Every structure is written in C-alpha cells, then in structure tokens.
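A.B. asks: What follows is coords.tsv, TSV, C-alpha atoms.
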chain	number	residue	atom	x	y	z
A	1	MET	CA	133.77	44.20	182.06
A	2	SER	CA	135.58	41.26	183.66
A	3	MET	CA	137.02	43.52	186.35
A	4	ARG	CA	133.53	44.82	187.13
A	5	ILE	CA	132.19	41.25	187.44
A	6	ASP	CA	135.15	40.37	189.68
A	7	LEU	CA	134.27	43.36	191.84
A	8	TYR	CA	130.61	42.26	192.02
A	9	PHE	CA	131.66	38.78	193.11
A	10	LYS	CA	134.04	40.21	195.72
A	11	VAL	CA	131.28	42.45	197.13
A	12	LEU	CA	128.78	39.56	197.09
A	13	ASN	CA	131.34	37.35	198.82
A	14	ILE	CA	131.84	39.93	201.59
A	15	VAL	CA	128.06	40.42	201.99
A	16	ALA	CA	127.55	36.62	202.11
A	17	TRP	CA	130.26	36.32	204.78
A	18	ILE	CA	128.65	39.09	206.91
A	19	ILE	CA	125.19	37.48	206.64
A	20	PHE	CA	126.66	34.03	207.36
A	21	ILE	CA	128.41	35.28	210.52
A	22	GLY	CA	125.26	37.13	211.64
A	23	LEU	CA	123.09	34.05	211.14
A	24	ALA	CA	125.64	31.81	212.89
A	25	ILE	CA	125.52	34.17	215.89
A	26	ASP	CA	121.70	34.11	215.82
A	27	THR	CA	121.65	30.29	215.68
A	28	GLY	CA	124.11	30.09	218.54
A	29	GLY	CA	122.06	32.65	220.47
A	30	TYR	CA	118.82	30.69	220.18
A	31	LEU	CA	120.57	27.43	221.00
A	32	THR	CA	122.42	28.70	224.07
A	33	ASN	CA	119.34	30.58	225.35
A	34	THR	CA	117.25	27.40	225.04
A	35	LEU	CA	119.90	25.35	226.82
A	36	TRP	CA	120.25	28.07	229.45
A	37	VAL	CA	116.51	27.92	230.18
A	38	LEU	CA	116.59	24.12	230.30
A	39	LEU	CA	119.45	24.31	232.80
A	40	GLY	CA	117.22	26.29	235.11
A	41	ASN	CA	117.77	29.98	234.36
A	42	THR	CA	114.13	30.85	233.69
A	43	THR	CA	114.55	34.62	234.03
A	44	ILE	CA	115.77	34.97	230.43
A	45	THR	CA	112.45	33.68	229.07
A	46	SER	CA	111.11	37.24	229.31
A	47	ASN	CA	114.12	38.54	227.40
A	48	PHE	CA	114.99	35.72	225.05
A	49	TRP	CA	117.37	36.06	222.09
A	50	ASN	CA	116.37	38.97	219.80
A	51	TYR	CA	114.42	40.42	222.78
A	52	ILE	CA	111.54	37.97	222.37
A	53	ASN	CA	109.31	37.63	225.40
A	54	LEU	CA	108.49	33.93	225.77
A	55	SER	CA	107.74	33.98	229.51
A	56	ASP	CA	103.98	33.37	228.98
A	57	LEU	CA	104.70	30.35	226.80
A	58	TYR	CA	107.25	28.99	229.30
A	59	GLN	CA	104.76	29.29	232.15
A	60	TYR	CA	101.99	27.75	230.03
A	61	ASP	CA	103.88	24.62	228.98
A	62	LEU	CA	107.59	23.76	228.96
A	63	GLU	CA	107.17	21.31	226.06
A	64	PHE	CA	105.55	23.95	223.86
A	65	PHE	CA	108.35	26.34	224.81
A	66	ILE	CA	111.00	23.77	223.79
A	67	CYS	CA	109.09	23.01	220.61
A	68	LEU	CA	109.05	26.68	219.55
A	69	THR	CA	112.69	27.36	220.46
A	70	VAL	CA	113.87	24.22	218.67
A	71	LEU	CA	111.83	25.30	215.65
A	72	LEU	CA	113.41	28.77	215.72
A	73	THR	CA	116.91	27.29	216.14
A	74	THR	CA	116.30	24.89	213.24
A	75	ILE	CA	115.13	27.70	210.95
A	76	PHE	CA	118.20	29.79	211.77
A	77	LEU	CA	120.43	26.75	211.38
A	78	PHE	CA	119.05	26.17	207.87
A	79	LYS	CA	119.56	29.83	207.02
A	80	THR	CA	123.15	29.58	208.25
A	81	ILE	CA	123.74	26.47	206.13
A	82	LEU	CA	122.27	28.33	203.15
A	83	PHE	CA	124.80	31.11	203.47
A	84	TYR	CA	127.59	28.65	204.27
A	85	LEU	CA	126.88	27.04	200.89
A	86	THR	CA	127.00	30.47	199.24
A	87	VAL	CA	130.28	31.35	200.92
A	88	SER	CA	131.81	27.96	200.07
A	89	VAL	CA	130.89	28.34	196.37
A	90	PHE	CA	132.56	31.76	196.37
A	91	GLN	CA	135.62	30.22	198.04
A	92	LYS	CA	135.82	27.45	195.43
A	93	LYS	CA	135.74	30.15	192.72
A	94	LYS	CA	133.46	28.10	190.48
A	95	PHE	CA	131.61	31.11	189.08
A	96	ASN	CA	133.14	31.06	185.62
A	97	LEU	CA	131.04	33.15	183.25
A	98	GLU	CA	132.79	31.73	180.16
A	99	ASN	CA	131.80	28.23	181.21
A	100	PRO	CA	128.90	28.82	183.62
A	101	PHE	CA	127.20	25.43	183.45
A	102	ASN	CA	129.12	23.14	185.76
A	103	GLU	CA	128.29	20.45	188.30
A	104	THR	CA	129.31	22.53	191.35
A	105	ILE	CA	126.89	25.35	190.51
A	106	ARG	CA	124.12	22.86	189.70
A	107	ASP	CA	124.60	21.12	193.07
A	108	PHE	CA	124.70	24.52	194.77
A	109	ILE	CA	121.35	25.55	193.20
A	110	PHE	CA	119.78	22.17	194.06
A	111	ASN	CA	120.95	22.35	197.70
A	112	PHE	CA	119.91	26.00	197.94
A	113	ALA	CA	116.44	25.11	196.63
A	114	PHE	CA	115.93	22.22	199.07
A	115	ILE	CA	117.13	24.26	202.06
A	116	ALA	CA	114.90	27.19	201.02
A	117	LEU	CA	111.97	24.76	200.86
A	118	ALA	CA	112.87	23.41	204.31
A	119	ILE	CA	113.06	26.95	205.74
A	120	GLY	CA	109.68	27.71	204.17
A	121	LEU	CA	108.08	24.59	205.63
A	122	PHE	CA	109.57	25.10	209.10
A	123	SER	CA	108.59	28.80	209.07
A	124	TYR	CA	105.06	27.85	208.07
A	125	ALA	CA	104.93	25.26	210.85
A	126	GLY	CA	106.23	27.84	213.33
A	127	LYS	CA	103.69	30.43	212.20
A	128	SER	CA	100.81	27.95	212.45
A	129	PHE	CA	102.04	26.85	215.89
A	130	CYS	CA	102.15	30.48	217.09
A	131	TYR	CA	98.62	31.17	215.76
A	132	TRP	CA	97.41	28.05	217.55
A	133	LEU	CA	99.03	29.21	220.79
A	134	ILE	CA	97.43	32.66	220.40
A	135	ASN	CA	94.06	30.93	219.94
A	136	GLN	CA	94.73	29.12	223.23
A	137	GLY	CA	94.77	32.58	224.83
A	138	LEU	CA	98.53	33.02	225.18
A	139	LYS	CA	100.29	36.33	224.76
A	140	MET	CA	102.90	35.71	222.06
A	141	PRO	CA	105.48	38.03	220.54
A	142	ASN	CA	104.70	39.07	216.97
A	143	LEU	CA	105.86	36.84	214.13
A	144	GLU	CA	108.20	39.46	212.67
A	145	SER	CA	110.32	39.62	215.82
A	146	MET	CA	110.67	35.82	215.70
A	147	LYS	CA	111.50	36.00	211.96
A	148	LEU	CA	108.70	33.54	211.23
A	149	GLY	CA	107.01	35.66	208.58
A	150	GLY	CA	107.70	35.15	204.90
A	151	SER	CA	107.37	31.37	204.77
A	152	ASP	CA	105.49	31.70	201.48
A	153	ILE	CA	108.41	33.63	199.97
A	154	TRP	CA	110.87	30.91	201.00
A	155	LEU	CA	108.61	28.23	199.50
A	156	PHE	CA	108.23	30.23	196.30
A	157	MET	CA	112.00	30.74	196.10
A	158	GLY	CA	112.63	27.03	196.70
A	159	ILE	CA	110.27	25.94	193.95
A	160	THR	CA	111.62	28.57	191.54
A	161	LEU	CA	115.18	27.44	192.23
A	162	LEU	CA	114.24	23.81	191.66
A	163	ILE	CA	112.96	24.79	188.22
A	164	VAL	CA	116.16	26.80	187.60
A	165	ALA	CA	118.22	23.78	188.66
A	166	LYS	CA	116.35	21.59	186.17
A	167	ILE	CA	117.06	24.13	183.41
A	168	PHE	CA	120.69	24.26	184.57
A	169	LYS	CA	120.90	20.47	184.26
A	170	LYS	CA	119.80	20.76	180.63
A	171	GLY	CA	122.33	23.59	180.20
A	172	ILE	CA	125.13	21.30	181.41
A	173	GLU	CA	124.09	18.67	178.85
A	174	LEU	CA	124.05	21.27	176.07
A	175	GLN	CA	127.42	22.62	177.13
A	176	SER	CA	128.99	19.16	177.23
A	177	GLU	CA	127.55	18.51	173.76
A	178	ASN	CA	128.95	21.83	172.58
A	179	ASP	CA	132.35	21.00	174.11
A	180	LEU	CA	132.35	17.68	172.27
A	181	THR	CA	131.46	19.21	168.90
A	182	VAL	CA	134.49	19.54	166.65
B	1	MET	CA	128.80	4.42	168.71
B	2	PRO	CA	127.82	3.20	165.23
B	3	ILE	CA	129.90	5.88	163.49
B	4	ILE	CA	133.57	4.86	163.39
B	5	VAL	CA	136.23	7.49	162.81
B	6	ASN	CA	139.13	6.19	160.75
B	7	LEU	CA	141.09	9.40	160.74
B	8	ASP	CA	144.29	7.66	161.85
B	9	VAL	CA	144.11	5.36	158.78
B	10	MET	CA	143.74	8.34	156.49
B	11	MET	CA	146.52	10.20	158.29
B	12	ALA	CA	148.80	7.15	157.89
B	13	LYS	CA	147.98	7.03	154.17
B	14	ARG	CA	148.95	10.68	153.83
B	15	LYS	CA	151.92	10.16	156.18
B	16	MET	CA	150.73	12.97	158.40
B	17	SER	CA	151.02	13.23	162.16
B	18	LEU	CA	148.26	14.55	164.43
B	19	ASN	CA	150.36	17.63	165.23
B	20	GLU	CA	150.85	18.36	161.56
B	21	LEU	CA	147.16	17.87	160.81
B	22	SER	CA	146.13	20.11	163.70
B	23	GLU	CA	148.46	22.84	162.39
B	24	LYS	CA	147.11	22.52	158.85
B	25	VAL	CA	143.40	22.43	159.73
B	26	GLY	CA	143.79	25.04	162.46
B	27	PHE	CA	142.13	23.04	165.26
B	28	THR	CA	143.52	22.41	168.67
B	29	LEU	CA	145.21	19.10	169.31
B	30	ALA	CA	142.65	18.37	172.04
B	31	ASN	CA	139.69	18.86	169.68
B	32	LEU	CA	141.27	16.78	166.98
B	33	SER	CA	142.09	14.06	169.49
B	34	ILE	CA	138.43	14.04	170.67
B	35	PHE	CA	137.38	13.54	167.03
B	36	LYS	CA	140.01	10.89	166.28
B	37	THR	CA	139.17	8.77	169.31
B	38	GLY	CA	135.44	8.85	168.53
B	39	LYS	CA	134.54	10.79	171.68
B	40	ALA	CA	133.00	13.67	169.71
B	41	LYS	CA	129.21	13.98	169.80
B	42	ALA	CA	128.92	16.09	166.65
B	43	ILE	CA	131.00	17.43	163.79
B	44	ARG	CA	130.45	20.68	161.91
B	45	PHE	CA	130.29	20.69	158.09
B	46	SER	CA	133.05	23.31	158.12
B	47	THR	CA	135.30	20.92	160.07
B	48	LEU	CA	134.58	18.10	157.64
B	49	GLU	CA	135.33	20.42	154.73
B	50	THR	CA	138.67	21.51	156.18
B	51	ILE	CA	139.79	17.97	157.00
B	52	CYS	CA	138.78	16.76	153.53
B	53	LYS	CA	140.71	19.64	151.92
B	54	VAL	CA	143.86	19.03	153.95
B	55	LEU	CA	143.81	15.23	153.58
B	56	ASP	CA	142.56	15.44	149.99
B	57	CYS	CA	139.85	12.87	150.53
B	58	GLN	CA	136.09	12.36	150.92
B	59	PRO	CA	134.26	12.25	154.29
B	60	ALA	CA	133.56	8.55	153.68
B	61	ASP	CA	137.30	7.92	153.64
B	62	PHE	CA	137.57	8.56	157.35
B	63	LEU	CA	133.96	8.07	158.53
B	64	GLU	CA	132.31	4.69	158.54
B	65	PHE	CA	128.87	3.47	159.65
B	66	SER	CA	128.66	0.19	161.51
B	67	LYS	CA	125.40	-1.47	162.63
B	68	ASP	CA	126.88	-2.74	165.92
Here is a file; write its structure as structure tokens.

C.D. replies:
Amino acid sequence: MSMRIDLYFKVLNIVAWIIFIGLAIDTGGYLTNTLWVLLGNTTITSNFWNYINLSDLYQYDLEFFICLTVLLTTIFLFKTILFYLTVSVFQKKKFNLENPFNETIRDFIFNFAFIALAIGLFSYAGKSFCYWLINQGLKMPNLESMKLGGSDIWLFMGITLLIVAKIFKKGIELQSENDLTV
Amino acid sequence: MPIIVNLDVMMAKRKMSLNELSEKVGFTLANLSIFKTGKAKAIRFSTLETICKVLDCQPADFLEFSKD
C-alpha cells in the first residue's frame, strides 16, 4: 500500500514538473514576445506566442495590446507559481499520510487557493476585456487559444480550496490535541 | 493551567524513576514526560488507571486543581 502511494507521489511529482516547465516556457514566451513587439518588431503580432493573431489589436491601440499581453503573462505567471508551489511541496516531502495535518500542507493549500482565485479573477478580466474589444468591432482570436476560458472553474476551485484549508486548520488543531493526549 | 500534575512527587514517594515508570506503564518516555510537565491537553481513563495501578495510588495523589 505504502509503495503504491509512493509511486503515485512520484508520478504526480513528475507530472507537476512537466506542467511547471511547460508553463514557465509559456510565461517566458508571452513576456519575450511582448518585449519584442515593444522593441519594434511588429511583424510577430500576427503570429504571437501560441499562434495568436493580435495584429488587429496592435493596429487598433498599442495600450490595449500591452494591457492584454500583460494580462496573459500575469495569468501564466500565476499558473507557473501554482505549479512551483506543488513541485516545492513534493521536494520538501511533507506528504506524510500517517501525520497528514501539518503547517506546510496547510500553507500550501492556502497559497494554492489564493493563487487559483487570482487566476480566476485575471482570466475573468481578460475575457471581459476581449468581449469589449470584440464589441468595438475588432477581430480577436478565440478565448480558448488565449487560455482565457474557464475563469469560473478557477474561482470555484479557489473558493473550494479556501474551505478545505479552513477544515485543514481545524484538523491541525485536532491532531495537536490528539498528540498531546496521554 | 489550573490542573497541576504532581507525578514527580508521587514517583519520589515510590522511589521510581521516569524510565522505570515508563517501562512499567508501557508508555513512551516522551508521552510520560508530556504528562509530567503539564503539557498534555487530555488524559485517557485507561492511562490514569495504569498509572494508579503501578504507583498504587489514587488519581488525586498526582493530580491537583488550583484556581489560579
């Protein structure tokens, strides 16, 4: 049983590392592409990171273009931080099923919840911004290609995790009481 | 904490060391030390029973209530 759990954790650790590296590349991609455009290379606006065509937006207004790319970079940065936290918890080896309620895991769940909420809020802002731009008559790439969909899921996950973290806090108290019962 | 643990007094009366008591009651030294120093938050009836049996005393002999 323990060996199987160890195997699960090892597989999860590897998956978390792969996702973390992928997200870090995505964040870097959005950041460098934005900087590249700001430095004067406007040709890549039609073939932005993840093959997004933002040339219409760039020609419409540079400030709106910067606003959207900064928003996208921020969302990916938060996602990267989320998986960095996951990877770091795996590295610290704090997942102890015999003594699961500890401060590290509680902090991890709290941080995870707040970052998930931030991703949800930023994604919602990005989605609303894109809809507004479409209403202005601009041709925008679809939300899925910009990974702006699913803000409601992130918000739901954030709130759920906050509740889980509160329960976890109570669990830590109960465990400490149990540890101090002779 | 208003409950004072006088286990060391009782142990001295019985001329018993903490190691010896822990061997006789079958608890770890760490757990017994938590109890003796008053850091414990709760005590099971079974624990009380065992300690009373080994030290041949009543719970009131090593537990005291103080209003402070």

A.B. asks: If we count all atoms listed in the file, what is near Asn31 (chain B) at a cut-off of 12 Å, once residues fewer than 4 positions away on the same chain are taken out, given as a list in words?

C.D. replies: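 Listed by chain and then number, they are Asn178, Asp179, Leu180, Thr181 and Val182 of chain A; Leu18, Asn19, Leu21, Ser22, Val25, Gly26, Phe27, Phe35, Lys36, Thr37, Gly38, Lys39, Ala40, Lys41, Ala42, Ile43 and Thr47 of chain B.
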
A.B. asks: So the first atom is CA of Gln58 (chain B) and the second is CA of Ile3 (chain B); what is the distance between them in Å, to one decimal place?

C.D. replies: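 Separation between CA of Gln58 (chain B) and CA of Ile3 (chain B): 15.4 Å.
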
A.B. asks: Can you tell me how far CA of Lys139 (chain A) sits from CA of Gly28 (chain A), in Å to one decimal?

C.D. replies: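 Distance reported for this atom pair: 25.4 Å.
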
A.B. asks: For CA of Thr73 (chain A) and CA of Thr27 (chain A), quote the distance in Å rounded to one decimal.

C.D. replies: 5.6 Å

A.B. asks: For Leu12 (chain A), which of A:Phe110, A:Phe101, A:Phe90, A:Phe48 is the closest residue, counting only C-alpha atoms?

C.D. replies: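 So, comparing all the options, the nearest one is A:Phe90.
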
A.B. asks: With only C-alpha atoms as the basis for distance, which of B:Ile34, B:Val5, B:Leu29, B:Lys24 is at the shortest distance from chain A?

C.D. replies: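 The closest residue to chain A is B:Ile34.
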
A.B. asks: Tell me which protein, DNA and RNA residues are within 12 Å of region 36-47 of chain A, counting all atoms listed in the file, leaving out same-chain ones fewer than 6 positions away, and put them as a PyMOL selection string.

C.D. replies: chain A and resi 28-30+53-59+62-63+65-66+69-70+139-141

A.B. asks: Find the residues near region 118-133 of chain A: any atom within 6 Å, counting only C-alpha atoms, skip ones fewer than 6 places away on the same chain, and give them as a ChimeraX atom specification.

C.D. replies: /A:75,148,151,154-155

A.B. asks: Could you check the closest approach to chain A for each of B:Glu49, B:Glu64, B:Glu20, B:Asp8 and tell me which residue wins, using all atoms listed in the file?

C.D. replies: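 Of all the options, B:Glu49 lies closest to chain A.
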
A.B. asks: Give me, as a list in words, all polymer residues having an atom no more than 10 Å from Leu162 (chain A), counting only C-alpha atoms and skipping those fewer than 2 positions away in the same chain.

C.D. replies: Ile109, Phe110, Asn111, Phe112, Ala113, Phe114, Ala116, Leu117, Phe156, Met157, Gly158, Ile159, Thr160, Val164, Ala165, Lys166, Ile167 and Phe168 of chain A

A.B. asks: Just write the chosen residues, C-alpha atoms, as a CSV table (one decimal), in the frame of the given file.

C.D. replies:
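selection.csv, freshly written:
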chain,number,residue,atom,x,y,z
A,109,ILE,CA,121.4,25.6,193.2
A,110,PHE,CA,119.8,22.2,194.1
A,111,ASN,CA,121.0,22.4,197.7
A,112,PHE,CA,119.9,26.0,197.9
A,113,ALA,CA,116.4,25.1,196.6
A,114,PHE,CA,115.9,22.2,199.1
A,116,ALA,CA,114.9,27.2,201.0
A,117,LEU,CA,112.0,24.8,200.9
A,156,PHE,CA,108.2,30.2,196.3
A,157,MET,CA,112.0,30.7,196.1
A,158,GLY,CA,112.6,27.0,196.7
A,159,ILE,CA,110.3,25.9,194.0
A,160,THR,CA,111.6,28.6,191.5
A,164,VAL,CA,116.2,26.8,187.6
A,165,ALA,CA,118.2,23.8,188.7
A,166,LYS,CA,116.4,21.6,186.2
A,167,ILE,CA,117.1,24.1,183.4
A,168,PHE,CA,120.7,24.3,184.6
